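Heads up, the thing below is written out as structure tokens.
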Amino acid sequence: MKKISLVVPCYNEEESIPLFYRTVSKVIDSMNTPTPTVTPEYIFVDDGSDDRTLEEMKALHQQFSETVHYRSFSRNFGKESALAAGLQATTGDVVAVMDVDLQDPPELLPKMFTLIEQDGYDCVGTIQKERRGQSRIRAFLSSSFYRVINWLSDVRIEPNARDYRLMTRQFVNTVLSLPEFNRFSKGIFSWVGFKTTYLTYESQPRAAGKTHWNLRQLFSYSIEGIIDFSSAPLRLATWVGGISFVLSLIGMIFVFVRALTVGGAVAGWPSLVVILLLIGGIQLFCLGILGQYINKIYLETKHRPKFIIREEK
Ligand code: UDP
Ligand code: MG
């Protein structure tokens, strides 16, 4: 008998929770027929919801106190923190991370379990095929993000991989041993290495409720990911600065030689202003990049907890 822990981050998901439990427990039951193979452990994380999410979790815990547990945050800390809190609480031999909205099909669990138990993988991730009904521009932005981050960063990040994955105890312990405050889990899961394989599935509509992401949030999430896992923007700043320095040296020599031979030019102050603005712009741009990294260092050095638990069971 192996214990399978399911980490489920929830933010305002009162409708989805009972539905999720019903669907997943059916899949677990199917894994236990004819021979019992797994015992489940559900870890629901309430990410500071302001609807009845916590009450739903408590109700489930009351009914199934052996297998259902919950941790509730003091406020909304974001999905990354919820994942960290959930993983920390797991005791299973294998651990799955799943969204509560059933967009991560639980029917894949038996297959993922076999890949770990029989084929010796440490982690089985999932990739979502082109989302139907997703706007063109969103699909384009998403594929551009993966191209850019894989070009810039040292770890490979699988395009369109979901957070939905099944991991061994060893893999989870390694992920938990990374102490960073800025947690971009897509990067962390790749960075730790190990034998990982991916399953592909058709995208699913949400079972209930609505998504928490808008375009602006996705964009800033992408920038965070690039800064967390790549120092390429810093190198870019150095290069841009270096190139404009060399160009201005050449210009200086040109102006100097011309003044000595043909004589100075009085006209041309508009071009001067344009060049001044350009250089000023480049400097601010590079300072901005630097600032992003300093901000990350600042957040890390504060050693604040990644989340605060208000109650748990
Ligand atoms: N979620 C969370 N904290 C947040 C936002 C989302 O724990 O601040 C959870 C949410 O309840 C869901 C999962 O993260 O279980 C994925 O969120 P969502 O379905 O909104 O994202 P999408 O599937 O659209 O990428
Ligand atoms: Mg979803």
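Each chain of the structure tokens is named A, B, ... in the order shown, its residues numbered from 1; ligands are numbered from 1 in display order.
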Taking a cut-off of 7 Å and counting only C-alpha atoms and all ligand atoms, can you build a table that, for each residue of chain A near ligand 2, reports the nearest atom pair and how far apart they are in Å (one decimal), sorted by chain then residue number, as JSON lines?
```
{"residue": "A:Asp99", "atom": "CA", "partner": "ligand 2", "partner_atom_place_in_ligand_line": "1 (Mg)", "distance": 6.3}
{"residue": "A:Asp101", "atom": "CA", "partner": "ligand 2", "partner_atom_place_in_ligand_line": "1 (Mg)", "distance": 5.5}
{"residue": "A:Gln103", "atom": "CA", "partner": "ligand 2", "partner_atom_place_in_ligand_line": "1 (Mg)", "distance": 5.5}
{"residue": "A:Arg206", "atom": "CA", "partner": "ligand 2", "partner_atom_place_in_ligand_line": "1 (Mg)", "distance": 5.9}
{"residue": "A:Thr211", "atom": "CA", "partner": "ligand 2", "partner_atom_place_in_ligand_line": "1 (Mg)", "distance": 5.7}
```
Closest atom pairs, residues of segment 148-176 of chain A within 12 Å of segment 222-231 of chain A, only C-alpha atoms, as a tab-separated table:
```
residue	atom	partner	partner_atom	distance
A:Val148	CA	A:Ile226	CA	8.3
A:Ile149	CA	A:Ile226	CA	5.8
A:Asn150	CA	A:Ile226	CA	9.1
A:Trp151	CA	A:Ser230	CA	9.6
A:Leu152	CA	A:Ser230	CA	6.1
A:Ser153	CA	A:Ser230	CA	4.5
A:Asp154	CA	A:Ser230	CA	6.6
A:Val155	CA	A:Phe229	CA	7.5
A:Arg156	CA	A:Phe229	CA	10.0
A:Ile157	CA	A:Phe229	CA	10.1
```
* Test item: residues at most 8 Å from Val27 of chain A, only C-alpha atoms, excluding those fewer than 5 positions along its chain, as a count of residues only -> 4
* Determine the nearest neighbour of ligand 1 from the options A:Phe171, A:Phe181, A:Tyr221, A:Phe256, counting only C-alpha atoms and all ligand atoms. => A:Tyr221
Would you tabulate, counting only C-alpha atoms and all ligand atoms, all residues of chain A that have an atom at most 8 Å from an atom of ligand 1, showing the closest pair of atoms and their distance in Å to one decimal, sorted by chain then ascending number, as a tab-separated table?
```
residue	atom	partner	partner_atom_place_in_ligand_line	distance
A:Val8	CA	ligand 1	15 (O)	6.4
A:Pro9	CA	ligand 1	7 (O)	4.1
A:Cys10	CA	ligand 1	11 (O)	3.4
A:Tyr11	CA	ligand 1	11 (O)	3.9
A:Asn12	CA	ligand 1	11 (O)	6.3
A:Glu13	CA	ligand 1	11 (O)	5.8
A:Val45	CA	ligand 1	7 (O)	7.2
A:Asp46	CA	ligand 1	7 (O)	6.9
A:Asp47	CA	ligand 1	7 (O)	5.1
A:Asn76	CA	ligand 1	8 (O)	6.0
A:Phe77	CA	ligand 1	8 (O)	6.4
A:Gly78	CA	ligand 1	8 (O)	3.7
A:Lys79	CA	ligand 1	3 (N)	3.8
A:Glu80	CA	ligand 1	3 (N)	7.5
A:Ala82	CA	ligand 1	7 (O)	5.6
A:Leu83	CA	ligand 1	7 (O)	7.6
A:Met98	CA	ligand 1	15 (O)	7.1
A:Asp99	CA	ligand 1	15 (O)	3.8
A:Val100	CA	ligand 1	15 (O)	4.2
A:Asp101	CA	ligand 1	15 (O)	5.7
A:Gln103	CA	ligand 1	23 (O)	6.5
A:Arg206	CA	ligand 1	19 (O)	7.1
A:Lys210	CA	ligand 1	20 (O)	6.4
A:Thr211	CA	ligand 1	20 (O)	3.4
A:His212	CA	ligand 1	20 (O)	3.8
A:Trp213	CA	ligand 1	20 (O)	5.7
```
Those residues you just picked out, can you put them in a file as an mmCIF file, in the first residue's frame with N, CA, C and O atoms?
```cif
data_model
loop_
_atom_site.group_PDB
_atom_site.id
_atom_site.type_symbol
_atom_site.label_atom_id
_atom_site.label_comp_id
_atom_site.auth_asym_id
_atom_site.auth_seq_id
_atom_site.Cartn_x
_atom_site.Cartn_y
_atom_site.Cartn_z
ATOM 1 N N VAL A 8 -3.935 20.553 -2.940
ATOM 2 C CA VAL A 8 -4.940 21.279 -3.713
ATOM 3 C C VAL A 8 -5.050 22.731 -3.252
ATOM 4 O O VAL A 8 -5.654 23.014 -2.220
ATOM 5 N N PRO A 9 -4.453 23.669 -3.999
ATOM 6 C CA PRO A 9 -4.575 25.082 -3.626
ATOM 7 C C PRO A 9 -5.949 25.604 -4.023
ATOM 8 O O PRO A 9 -6.442 25.309 -5.111
ATOM 9 N N CYS A 10 -6.584 26.368 -3.135
ATOM 10 C CA CYS A 10 -7.939 26.858 -3.416
ATOM 11 C C CYS A 10 -8.068 28.317 -3.047
ATOM 12 O O CYS A 10 -7.731 28.703 -1.927
ATOM 13 N N TYR A 11 -8.550 29.111 -3.958
ATOM 14 C CA TYR A 11 -8.820 30.511 -3.663
ATOM 15 C C TYR A 11 -10.220 30.835 -4.164
ATOM 16 O O TYR A 11 -10.451 30.847 -5.364
ATOM 17 N N ASN A 12 -11.136 31.050 -3.261
ATOM 18 C CA ASN A 12 -12.543 31.280 -3.586
ATOM 19 C C ASN A 12 -13.110 30.192 -4.496
ATOM 20 O O ASN A 12 -13.490 30.450 -5.631
ATOM 21 N N GLU A 13 -13.135 28.984 -3.988
ATOM 22 C CA GLU A 13 -13.552 27.836 -4.792
ATOM 23 C C GLU A 13 -14.645 27.030 -4.103
ATOM 24 O O GLU A 13 -14.658 25.809 -4.176
ATOM 25 N N VAL A 45 -5.447 23.621 0.606
ATOM 26 C CA VAL A 45 -4.884 24.860 1.141
ATOM 27 C C VAL A 45 -5.813 26.007 0.779
ATOM 28 O O VAL A 45 -6.076 26.266 -0.392
ATOM 29 N N ASP A 46 -6.341 26.652 1.815
ATOM 30 C CA ASP A 46 -7.215 27.801 1.588
ATOM 31 C C ASP A 46 -6.351 29.057 1.555
ATOM 32 O O ASP A 46 -5.823 29.495 2.568
ATOM 33 N N ASP A 47 -6.216 29.612 0.351
ATOM 34 C CA ASP A 47 -5.317 30.746 0.139
ATOM 35 C C ASP A 47 -6.024 32.066 0.455
ATOM 36 O O ASP A 47 -6.173 32.924 -0.398
ATOM 37 N N ASN A 76 -4.573 36.193 1.317
ATOM 38 C CA ASN A 76 -4.207 35.607 0.034
ATOM 39 C C ASN A 76 -2.711 35.794 -0.216
ATOM 40 O O ASN A 76 -2.227 36.918 -0.285
ATOM 41 N N PHE A 77 -1.981 34.672 -0.287
ATOM 42 C CA PHE A 77 -0.539 34.756 -0.515
ATOM 43 C C PHE A 77 -0.168 34.339 -1.939
ATOM 44 O O PHE A 77 0.983 34.376 -2.312
ATOM 45 N N GLY A 78 -1.129 33.874 -2.710
ATOM 46 C CA GLY A 78 -0.840 33.445 -4.087
ATOM 47 C C GLY A 78 -0.641 31.944 -4.188
ATOM 48 O O GLY A 78 -0.319 31.279 -3.210
ATOM 49 N N LYS A 79 -0.840 31.426 -5.394
ATOM 50 C CA LYS A 79 -0.809 29.977 -5.605
ATOM 51 C C LYS A 79 0.550 29.373 -5.254
ATOM 52 O O LYS A 79 0.618 28.270 -4.715
ATOM 53 N N GLU A 80 1.639 30.091 -5.557
ATOM 54 C CA GLU A 80 2.976 29.543 -5.280
ATOM 55 C C GLU A 80 3.141 29.254 -3.786
ATOM 56 O O GLU A 80 3.666 28.210 -3.406
ATOM 57 N N ALA A 82 0.685 28.769 -1.680
ATOM 58 C CA ALA A 82 -0.242 27.698 -1.327
ATOM 59 C C ALA A 82 0.373 26.334 -1.652
ATOM 60 O O ALA A 82 0.260 25.382 -0.870
ATOM 61 N N LEU A 83 1.060 26.254 -2.788
ATOM 62 C CA LEU A 83 1.712 24.997 -3.166
ATOM 63 C C LEU A 83 2.780 24.631 -2.138
ATOM 64 O O LEU A 83 2.860 23.488 -1.684
ATOM 65 N N MET A 98 -2.606 19.440 -7.670
ATOM 66 C CA MET A 98 -3.759 19.533 -8.572
ATOM 67 C C MET A 98 -4.573 20.778 -8.317
ATOM 68 O O MET A 98 -4.768 21.162 -7.172
ATOM 69 N N ASP A 99 -5.059 21.399 -9.392
ATOM 70 C CA ASP A 99 -6.009 22.498 -9.228
ATOM 71 C C ASP A 99 -7.359 21.926 -8.819
ATOM 72 O O ASP A 99 -7.701 20.811 -9.189
ATOM 73 N N VAL A 100 -8.120 22.719 -8.098
ATOM 74 C CA VAL A 100 -9.387 22.225 -7.568
ATOM 75 C C VAL A 100 -10.506 22.318 -8.613
ATOM 76 O O VAL A 100 -11.564 21.719 -8.474
ATOM 77 N N ASP A 101 -10.262 23.061 -9.721
ATOM 78 C CA ASP A 101 -11.338 23.304 -10.678
ATOM 79 C C ASP A 101 -11.515 22.175 -11.691
ATOM 80 O O ASP A 101 -12.253 22.319 -12.662
ATOM 81 N N GLN A 103 -9.609 21.195 -13.923
ATOM 82 C CA GLN A 103 -8.965 21.391 -15.227
ATOM 83 C C GLN A 103 -7.774 20.449 -15.356
ATOM 84 O O GLN A 103 -7.246 20.262 -16.445
ATOM 85 N N ARG A 206 -13.227 24.824 -16.932
ATOM 86 C CA ARG A 206 -13.356 24.860 -15.488
ATOM 87 C C ARG A 206 -14.650 24.190 -15.044
ATOM 88 O O ARG A 206 -15.686 24.379 -15.662
ATOM 89 N N LYS A 210 -14.511 30.865 -11.546
ATOM 90 C CA LYS A 210 -13.832 31.453 -12.699
ATOM 91 C C LYS A 210 -12.332 31.629 -12.435
ATOM 92 O O LYS A 210 -11.900 31.594 -11.286
ATOM 93 N N THR A 211 -11.587 31.811 -13.520
ATOM 94 C CA THR A 211 -10.130 31.891 -13.391
ATOM 95 C C THR A 211 -9.710 33.145 -12.624
ATOM 96 O O THR A 211 -10.445 34.131 -12.577
ATOM 97 N N HIS A 212 -8.528 33.095 -11.996
ATOM 98 C CA HIS A 212 -8.055 34.230 -11.202
ATOM 99 C C HIS A 212 -7.006 35.041 -11.938
ATOM 100 O O HIS A 212 -6.385 35.920 -11.373
ATOM 101 N N TRP A 213 -6.764 34.690 -13.213
ATOM 102 C CA TRP A 213 -5.684 35.347 -13.932
ATOM 103 C C TRP A 213 -6.227 36.287 -14.992
ATOM 104 O O TRP A 213 -7.099 35.916 -15.765
#
```
